[in-house]
>>> print(open('upload_20.tsv').read())   # TSV, C-alpha atoms
chain	number	residue	atom	x	y	z
A	888	MET	CA	86.19	27.74	99.34
A	889	GLU	CA	86.04	24.89	101.85
A	890	GLN	CA	84.05	25.35	105.02
A	891	ASN	CA	86.00	27.37	107.65
A	892	LYS	CA	89.26	27.03	105.71
A	893	PRO	CA	91.23	30.32	105.87
A	894	VAL	CA	92.45	31.85	102.62
A	895	MET	CA	95.49	34.08	102.14
A	896	PRO	CA	94.58	37.42	100.51
A	897	ASP	CA	95.93	38.30	97.09
A	898	PHE	CA	98.00	41.32	98.09
A	899	ARG	CA	98.24	42.45	94.46
A	900	ASN	CA	94.48	42.76	94.13
A	901	PHE	CA	93.14	46.31	94.08
A	902	GLY	CA	90.21	45.47	96.35
A	903	VAL	CA	92.48	43.91	99.00
A	904	ILE	CA	94.89	46.87	98.86
A	905	PHE	CA	92.09	49.44	99.02
A	906	ARG	CA	90.42	47.86	102.04
A	907	ALA	CA	93.75	47.56	103.87
A	908	LEU	CA	94.63	51.22	103.26
A	909	MET	CA	91.16	52.40	104.22
A	910	LEU	CA	91.02	50.46	107.50
A	911	VAL	CA	94.55	51.35	108.59
A	912	HIS	CA	94.02	55.04	107.91
A	913	LEU	CA	90.71	54.91	109.75
A	914	GLY	CA	92.52	53.38	112.71
A	915	MET	CA	95.18	56.10	112.53
A	916	LEU	CA	92.45	58.75	112.54
A	917	LEU	CA	90.79	57.25	115.62
A	918	TYR	CA	94.19	57.00	117.36
A	919	ALA	CA	94.84	60.70	116.74
A	920	LEU	CA	91.40	61.59	118.11
A	921	ALA	CA	92.00	59.54	121.25
A	922	GLU	CA	95.43	61.07	121.90
A	923	MET	CA	94.56	64.74	121.58
A	924	ASN	CA	93.60	66.82	124.61
A	925	ALA	CA	92.18	69.71	122.60
A	926	TRP	CA	91.03	70.28	119.02
A	927	SER	CA	94.03	72.54	118.48
A	928	GLU	CA	96.26	69.43	118.75
A	929	TRP	CA	94.43	67.66	115.90
A	930	ALA	CA	96.97	68.36	113.16
A	931	LEU	CA	99.97	67.63	115.40
A	932	ARG	CA	98.65	64.29	116.64
A	933	LEU	CA	97.67	63.17	113.16
A	934	THR	CA	101.09	64.19	111.79
A	935	ASP	CA	102.88	62.31	114.57
A	936	ALA	CA	100.84	59.18	113.87
A	937	ALA	CA	101.33	59.41	110.10
A	938	PHE	CA	105.08	59.95	110.56
A	939	TRP	CA	105.67	56.28	111.36
A	940	VAL	CA	102.44	54.64	110.18
A	941	GLU	CA	102.84	55.61	106.51
A	942	PRO	CA	106.40	54.25	105.98
A	943	VAL	CA	105.54	50.99	107.74
A	944	LEU	CA	102.22	50.59	105.90
A	945	MET	CA	103.52	51.38	102.41
A	946	GLY	CA	106.64	49.28	102.84
A	947	VAL	CA	104.75	46.27	104.16
A	948	MET	CA	102.15	46.47	101.39
A	949	ALA	CA	104.91	46.61	98.79
A	950	LEU	CA	106.68	43.57	100.29
A	951	LEU	CA	103.45	41.59	100.50
A	952	ALA	CA	102.60	42.44	96.89
A	953	LEU	CA	106.06	41.23	95.87
A	954	CYS	CA	105.56	37.95	97.74
A	955	ALA	CA	101.88	37.55	96.81
A	956	PRO	CA	102.25	34.64	94.32
A	957	GLN	CA	104.30	32.58	96.79
A	958	LEU	CA	101.97	33.40	99.68
A	959	ARG	CA	99.00	32.10	97.66
A	960	ARG	CA	100.80	28.83	96.87
A	961	TRP	CA	102.02	28.00	100.36
A	962	PRO	CA	99.85	26.51	103.14
A	963	TYR	CA	98.01	29.20	105.05
A	964	ARG	CA	99.92	28.87	108.32
A	965	ARG	CA	103.32	29.09	106.64
A	966	SER	CA	102.22	32.13	104.63
A	967	LEU	CA	100.82	33.77	107.76
A	968	MET	CA	104.15	33.32	109.56
A	969	LEU	CA	105.92	34.95	106.63
A	970	VAL	CA	103.48	37.88	106.72
A	971	TYR	CA	104.17	38.44	110.42
A	972	ALA	CA	107.93	38.13	109.86
A	973	LEU	CA	107.88	40.73	107.07
A	974	VAL	CA	105.84	43.10	109.23
A	975	MET	CA	108.24	42.76	112.17
A	976	LEU	CA	111.40	43.14	110.08
A	977	TRP	CA	110.13	46.14	108.13
A	978	THR	CA	108.92	47.86	111.31
A	979	LEU	CA	112.37	47.33	112.84
A	980	LEU	CA	114.05	48.77	109.74
A	981	VAL	CA	111.81	51.86	109.74
A	982	TYR	CA	112.50	52.40	113.44
A	983	GLN	CA	116.26	52.11	112.99
A	984	VAL	CA	116.31	54.55	110.08
A	985	PHE	CA	114.07	57.15	111.70
A	986	SER	CA	115.65	56.94	115.13
A	987	SER	CA	119.07	57.60	113.64
A	988	ILE	CA	118.04	60.78	111.85
A	989	MET	CA	115.10	62.20	113.87
A	990	LEU	CA	115.16	61.11	117.50
A	991	ASP	CA	112.72	63.76	118.69
A	992	ALA	CA	110.23	63.20	115.88
A	993	LEU	CA	109.74	59.53	116.72
A	994	ARG	CA	107.18	59.42	119.53
A	995	ALA	CA	106.77	55.64	119.80
A	996	ASP	CA	109.41	53.19	120.99
A	997	LEU	CA	110.27	50.02	119.09
A	998	LEU	CA	108.22	47.66	121.26
A	999	GLN	CA	105.15	49.86	120.90
A	1000	MET	CA	105.57	50.12	117.12
A	1001	GLN	CA	105.96	46.36	116.63
A	1002	LEU	CA	103.08	45.56	118.97
A	1003	LEU	CA	100.76	47.93	117.08
A	1004	ALA	CA	101.98	46.56	113.75
A	1005	LEU	CA	101.27	42.97	114.82
A	1006	MET	CA	97.86	43.90	116.21
A	1007	THR	CA	96.97	45.73	113.00
A	1008	THR	CA	98.14	42.80	110.87
A	1009	SER	CA	96.12	40.34	112.96
A	1010	PHE	CA	93.05	42.54	112.66
A	1011	MET	CA	93.46	42.84	108.88
A	1012	MET	CA	93.81	39.07	108.43
A	1013	TRP	CA	90.77	38.46	110.66
A	1014	HIS	CA	88.78	41.11	108.77
A	1015	TYR	CA	89.61	39.47	105.44
A	1016	GLN	CA	88.42	36.05	106.62
A	1017	LEU	CA	85.25	37.62	108.06
A	1018	TRP	CA	84.64	39.44	104.76
A	1019	LEU	CA	84.98	36.14	102.88
A	1020	LYS	CA	82.44	34.47	105.16
A	1021	THR	CA	80.06	37.37	104.60
A	1022	LEU	CA	80.55	37.06	100.85
A	1023	SER	CA	80.18	33.25	100.73
A	1024	PRO	CA	76.35	33.17	100.49
A	1025	ARG	CA	76.47	35.56	97.54
A	1026	LEU	CA	79.06	33.41	95.79
A	1027	ALA	CA	77.09	30.23	96.44
A	1028	GLU	CA	74.03	31.94	94.95
A	1029	ALA	CA	76.10	33.02	91.93
A	1030	ARG	CA	77.19	29.43	91.30
A	1031	LEU	CA	73.59	28.27	91.56
A	1032	LEU	CA	72.44	30.96	89.13
A	1033	ALA	CA	75.22	29.91	86.77
A	1034	LEU	CA	73.70	26.42	86.65
A	1035	GLN	CA	70.17	27.73	86.23
A	1036	ALA	CA	70.73	30.52	83.73
A	1037	ARG	CA	73.61	29.50	81.48
A	1038	ILE	CA	71.47	28.55	78.49
A	1039	ARG	CA	67.76	29.28	78.13
A	1040	PRO	CA	65.61	26.22	77.41
A	1041	HIS	CA	63.97	27.91	74.43
A	1042	PHE	CA	67.38	28.26	72.78
A	1043	PHE	CA	68.08	24.55	73.19
A	1044	PHE	CA	64.77	23.41	71.66
A	1045	ASN	CA	64.84	26.01	68.89
A	1046	SER	CA	68.40	25.02	68.02
A	1047	LEU	CA	67.45	21.35	67.77
A	1048	ASN	CA	64.55	22.24	65.49
A	1049	ALA	CA	66.89	24.30	63.32
A	1050	VAL	CA	69.31	21.37	63.05
A	1051	LEU	CA	66.50	18.95	62.21
A	1052	SER	CA	65.40	21.19	59.36
A	1053	LEU	CA	68.91	21.10	57.88
A	1054	ILE	CA	69.70	17.38	58.17
A	1055	ARG	CA	68.47	16.51	54.67
A	1056	SER	CA	69.13	19.74	52.79
A	1057	GLN	CA	72.50	20.72	54.37
A	1058	PRO	CA	73.87	17.74	56.34
A	1059	ARG	CA	77.37	19.24	56.78
A	1060	LEU	CA	75.98	22.44	58.25
A	1061	ALA	CA	73.68	20.42	60.51
A	1062	GLU	CA	76.66	18.39	61.72
A	1063	GLN	CA	78.64	21.56	62.42
A	1064	LEU	CA	75.77	23.07	64.38
A	1065	LEU	CA	75.43	19.90	66.45
A	1066	GLN	CA	79.13	20.04	67.23
A	1067	ASN	CA	78.82	23.68	68.30
A	1068	LEU	CA	75.81	22.87	70.44
A	1069	SER	CA	77.55	19.88	72.01
A	1070	GLU	CA	80.65	21.89	72.82
A	1071	LEU	CA	78.60	24.69	74.32
A	1072	PHE	CA	76.72	22.31	76.61
A	1073	ARG	CA	79.91	20.44	77.51
A	1074	VAL	CA	81.45	23.66	78.81
A	1075	ALA	CA	78.21	24.81	80.45
A	1076	MET	CA	77.86	21.58	82.42
A	1077	GLY	CA	81.56	21.27	83.20
A	1078	ASN	CA	83.71	22.50	86.07
A	1079	GLN	CA	83.61	26.29	86.41
A	1080	SER	CA	86.29	26.59	89.13
A	1081	ALA	CA	89.17	27.61	86.85
A	1082	LEU	CA	89.70	30.44	84.43
A	1083	SER	CA	89.51	30.08	80.67
A	1084	THR	CA	91.27	32.04	77.93
A	1085	LEU	CA	89.64	34.87	76.06
A	1086	GLN	CA	90.35	33.11	72.75
A	1087	ARG	CA	88.49	30.00	73.95
A	1088	GLU	CA	85.49	32.03	75.12
A	1089	VAL	CA	85.31	33.87	71.80
A	1090	GLU	CA	85.33	30.55	69.94
A	1091	LEU	CA	82.44	29.29	72.07
A	1092	ALA	CA	80.55	32.55	71.53
A	1093	GLN	CA	81.10	32.34	67.77
A	1094	GLY	CA	79.77	28.79	67.77
A	1095	TYR	CA	76.70	29.91	69.68
A	1096	LEU	CA	76.03	32.79	67.27
A	1097	GLU	CA	76.42	30.46	64.29
A	1098	ILE	CA	73.53	28.41	65.69
A	1099	GLU	CA	71.44	31.54	66.20
A	1100	LYS	CA	72.33	32.73	62.70
A	1101	VAL	CA	70.85	29.59	61.17
A	1102	ARG	CA	67.74	29.90	63.33
A	1103	LEU	CA	67.15	33.63	62.73
A	1104	GLY	CA	68.52	33.93	59.20
A	1105	GLU	CA	69.02	37.43	57.80
A	1106	ARG	CA	67.50	39.00	60.89
A	1107	LEU	CA	70.83	38.50	62.69
A	1108	HIS	CA	74.10	40.09	61.63
A	1109	VAL	CA	77.21	39.88	63.82
A	1110	GLU	CA	80.25	42.15	63.70
A	1111	TRP	CA	83.38	40.94	65.49
A	1112	HIS	CA	86.14	43.44	66.26
A	1113	VAL	CA	88.80	41.27	67.86
A	1114	ASP	CA	91.97	42.27	65.98
A	1115	LYS	CA	93.42	43.77	69.17
A	1116	MET	CA	92.12	41.03	71.45
A	1117	PRO	CA	94.70	39.44	73.81
A	1118	GLY	CA	93.81	35.80	73.15
A	1119	LYS	CA	95.63	34.37	76.17
A	1120	ALA	CA	94.03	36.77	78.66
A	1121	SER	CA	92.31	34.93	81.50
A	1122	ILE	CA	88.54	35.23	81.88
A	1123	PRO	CA	85.87	33.30	83.83
A	1124	PRO	CA	84.21	30.65	81.64
A	1125	LEU	CA	80.92	31.41	79.93
A	1126	ILE	CA	81.01	35.15	80.44
A	1127	LEU	CA	80.32	36.08	76.81
A	1128	GLN	CA	77.64	33.52	75.90
A	1129	PRO	CA	74.89	34.56	78.35
A	1130	LEU	CA	75.39	38.22	77.46
A	1131	LEU	CA	75.18	37.43	73.75
A	1132	GLU	CA	72.09	35.33	74.40
A	1133	ASN	CA	70.55	38.35	76.09
A	1134	ALA	CA	71.47	40.48	73.07
A	1135	VAL	CA	69.74	38.02	70.72
A	1136	TYR	CA	66.72	37.53	72.96
A	1137	HIS	CA	66.04	41.23	73.59
A	1138	GLY	CA	67.57	42.92	70.53
A	1139	ILE	CA	66.97	40.58	67.57
A	1140	GLU	CA	64.09	38.18	68.20
A	1141	PRO	CA	61.37	40.80	68.89
A	1142	SER	CA	61.90	42.47	65.49
A	1143	ILE	CA	61.24	41.31	61.93
A	1144	GLU	CA	63.99	43.62	60.65
A	1145	THR	CA	67.71	43.00	60.45
A	1146	GLY	CA	69.62	43.69	63.66
A	1147	ILE	CA	73.35	43.93	64.23
A	1148	ILE	CA	75.18	42.65	67.30
A	1149	GLN	CA	78.64	44.20	67.67
A	1150	ILE	CA	81.39	42.64	69.80
A	1151	ASN	CA	84.52	44.71	70.40
A	1152	ILE	CA	87.35	43.21	72.48
A	1153	PHE	CA	90.69	44.93	73.04
A	1154	ARG	CA	93.46	45.52	75.54
A	1155	SER	CA	94.25	48.95	76.96
A	1156	ARG	CA	97.37	48.98	79.13
A	1157	ASN	CA	96.78	46.33	81.80
A	1158	GLU	CA	93.03	46.05	81.24
A	1159	VAL	CA	90.88	43.99	78.89
A	1160	HIS	CA	87.73	45.69	77.59
A	1161	ILE	CA	84.73	43.82	76.19
A	1162	ASP	CA	81.83	45.68	74.55
A	1163	ILE	CA	78.65	43.90	73.44
A	1164	ARG	CA	76.10	46.13	71.69
A	1165	ASN	CA	72.68	45.16	70.38
A	1166	PRO	CA	69.82	47.24	68.92
A	1167	MET	CA	66.94	48.54	71.03
A	1168	ILE	CA	63.65	47.73	69.33
A	1169	ASN	CA	61.41	50.76	69.82
A	1170	HIS	CA	58.45	49.62	67.73
A	1171	ALA	CA	58.32	46.05	69.01
A	1172	VAL	CA	57.02	44.71	72.29
A	1173	GLN	CA	59.89	44.91	74.77
A	1174	ARG	CA	60.79	41.78	76.67
A	1175	ILE	CA	61.29	42.56	80.32
A	1176	GLY	CA	64.25	40.66	81.73
A	1177	ASN	CA	65.12	39.99	85.35
A	1178	GLY	CA	68.82	40.78	84.90
A	1179	MET	CA	69.83	37.33	86.15
A	1180	ALA	CA	72.49	36.78	83.48
A	1181	GLN	CA	74.11	40.16	84.08
A	1182	ASP	CA	74.00	39.74	87.86
A	1183	ASN	CA	75.57	36.33	87.51
A	1184	VAL	CA	78.37	37.72	85.35
A	1185	ARG	CA	78.99	40.47	87.93
A	1186	GLU	CA	79.16	37.94	90.74
A	1187	ARG	CA	81.63	35.74	88.88
A	1188	LEU	CA	83.81	38.72	87.98
A	1189	LEU	CA	83.83	39.56	91.68
A	1190	LEU	CA	84.65	35.96	92.52
A	1191	TYR	CA	87.73	35.88	90.30
A	1192	PHE	CA	89.00	39.48	90.26
A	1193	ASP	CA	87.43	41.26	93.26
A	1194	ALA	CA	87.24	45.05	92.71
A	1195	GLU	CA	89.58	44.97	89.71
A	1196	ALA	CA	86.77	43.98	87.33
A	1197	ASN	CA	83.36	45.49	86.68
A	1198	LEU	CA	80.36	45.36	84.35
A	1199	SER	CA	78.47	48.50	83.33
A	1200	ILE	CA	75.41	49.16	81.16
A	1201	GLN	CA	74.86	51.96	78.67
A	1202	ARG	CA	71.49	52.60	77.04
A	1203	GLY	CA	70.95	54.80	74.00
A	1204	ASN	CA	67.91	55.66	71.91
A	1205	ASP	CA	68.48	52.72	69.60
A	1206	TYR	CA	71.10	50.54	71.29
A	1207	TYR	CA	71.92	48.67	74.48
A	1208	GLN	CA	75.57	48.07	75.40
A	1209	VAL	CA	77.30	45.97	78.04
A	1210	HIS	CA	80.85	46.99	78.91
A	1211	ILE	CA	83.18	44.68	80.87
A	1212	VAL	CA	86.57	45.68	82.23
A	1213	LEU	CA	88.87	43.09	83.79
A	1214	PRO	CA	92.59	42.98	84.57
A	1215	PHE	CA	94.90	41.55	81.94
A	1216	ARG	CA	96.45	38.35	83.21
A	1217	GLU	CA	97.91	35.96	80.70
A	1218	LEU	CA	96.86	32.34	81.07
A	1219	ASN	CA	99.18	29.64	79.77
A	1220	ASN	CA	97.80	26.52	78.15
A	1221	GLU	CA	98.71	24.27	81.07
A	1222	GLN	CA	97.96	26.75	83.81
A	1223	THR	CA	94.94	26.50	86.09
A	1224	VAL	CA	93.93	29.61	88.02
A	1225	ALA	CA	91.60	29.49	91.01
A	1226	PRO	CA	89.28	32.33	91.95
A	1227	VAL	CA	90.37	35.08	94.32
A	1228	PHE	CA	87.88	33.59	96.78
A	1229	SER	CA	88.67	29.94	96.15
>>> encode(input="upload_20.tsv", output="structure tokens")
Amino acid sequence: MEQNKPVMPDFRNFGVIFRALMLVHLGMLLYALAEMNAWSEWALRLTDAAFWVEPVLMGVMALLALCAPQLRRWPYRRSLMLVYALVMLWTLLVYQVFSSIMLDALRADLLQMQLLALMTTSFMMWHYQLWLKTLSPRLAEARLLALQARIRPHFFFNSLNAVLSLIRSQPRLAEQLLQNLSELFRVAMGNQSALSTLQREVELAQGYLEIEKVRLGERLHVEWHVDKMPGKASIPPLILQPLLENAVYHGIEPSIETGIIQINIFRSRNEVHIDIRNPMINHAVQRIGNGMAQDNVRERLLLYFDAEANLSIQRGNDYYQVHIVLPFRELNNEQTVAPVFS
């Protein structure tokens, strides 16, 4: 996001919708408290306020969600004018309908309704820009961590040593591993401002695990369950690789026994679920991590999907599992998608 450049909210995003509903209803609650003369009037005042606030609010949110893709493509000022126009027109329509059927129930006149609607809209747009500015340092830190923690140095040197050991005995395998390593670093050092496809991320993750398989031998087994994976689903780049590197580093390397990493990716309704499970080594010395990779993944999920995506951790007696949920959005081959907070 450029310095001081306003950004139009994505009115289809759950986080944007939730904050708008919460703030408007909080304002309606405060309005009812200010209008009442006695506590016995509480229910009446709140009902009167909700009578016209709810139809205007729900209708406007529905219209903005319908126009959300166009609003995100247009220049900010043009989109803002359209937002105000939709608010004014919908408020007028609600007033006309209600005044024709329930004159006594409508306590506010048209001018008052439209003025309050415009003030509320202006406050919501200002609040969104303020929230972005508050979030910007966290996002800048997430981008910095992405540069610092994408690939551990020990993996790079160990991988090169593994390739060197194969050059004479298995030159084709050594060449393939070098190609995988080159592709992984090309993506890691490239532009991370656009979304990738889930199929592409899985291919990169498979290439990474092939390198680790050569290095660790029979100690590493990998089980992929991707039959129900939506390959064209959009996902931030390099989400899988750092989590898999964590799984290898903490779940496989400390043990001399065979360990299994399981990756399960599937779609459920309009959500994509990603499970990465690795063994917990009870008899080996545990490596204490700082959680940087997981925090970075969380920050980038927030950057692209706001509250619609999340990462959770589940620990068992003998396993450690990372579970990611993100909205299903299909990404075409020629399409470039910017973050929610671009």
>>> atom_distance(input="upload_20.tsv", atom1="CA of Phe1153 (chain A)", atom2="CA of Leu1213 (chain A)")
11.1 Å
>>> atom_distance(input="upload_20.tsv", atom1="CA of Leu967 (chain A)", atom2="CA of Met1000 (chain A)")
19.4 Å
>>> axis_aligned_box(input="upload_20.tsv", around="region 1205-1212 of chain A", padding_each_side="5 Å", output="lines of an AutoDock Vina configuration file")
center_x = 77.5
center_y = 48.7
center_z = 75.9
size_x = 28.1
size_y = 18.0
size_z = 22.6
>>> atom_distance(input="upload_20.tsv", atom1="CA of Leu1017 (chain A)", atom2="CA of Gly946 (chain A)")
24.9 Å
>>> closest_residue(input="upload_20.tsv", among="A:Ala1196, A:Leu1060, A:Ala1004, A:Ile1098", to="Leu979 (chain A)", atoms="all atoms listed in the file")
A:Ala1004
>>> closest_residue(input="upload_20.tsv", among="A:Met1179, A:Val1109, A:Met1167, A:Ala907", to="Val947 (chain A)", atoms="only C-alpha atoms")
A:Ala907
>>> closest_residue(input="upload_20.tsv", among="A:Gln1149, A:Ser1142, A:Thr1084, A:Gln999", to="Val1113 (chain A)", atoms="all atoms listed in the file")
A:Gln1149
>>> residues_around(input="upload_20.tsv", residues="Leu951 (chain A)", least_positions_apart="5", cutoff="9 Å", atoms="only C-alpha atoms", output="PyMOL selection string")
chain A and resi 897-899+946+958+970+973
>>> residues_near_point(input="upload_20.tsv", point="(82.8, 33.8, 85.2)", cutoff="9 Å", atoms="all atoms listed in the file", output="ChimeraX atom specification")
/A:1033,1079-1080,1082-1083,1122-1126,1183-1191
>>> closest_residue(input="upload_20.tsv", among="A:Pro1166, A:Leu1218, A:Met945, A:His912", to="Asn1204 (chain A)", atoms="all atoms listed in the file")
A:Pro1166
>>> closest_residue(input="upload_20.tsv", among="A:Val1209, A:Leu1051, A:Ile1200, A:Ala1194", to="Ile904 (chain A)", atoms="all atoms listed in the file")
A:Ala1194
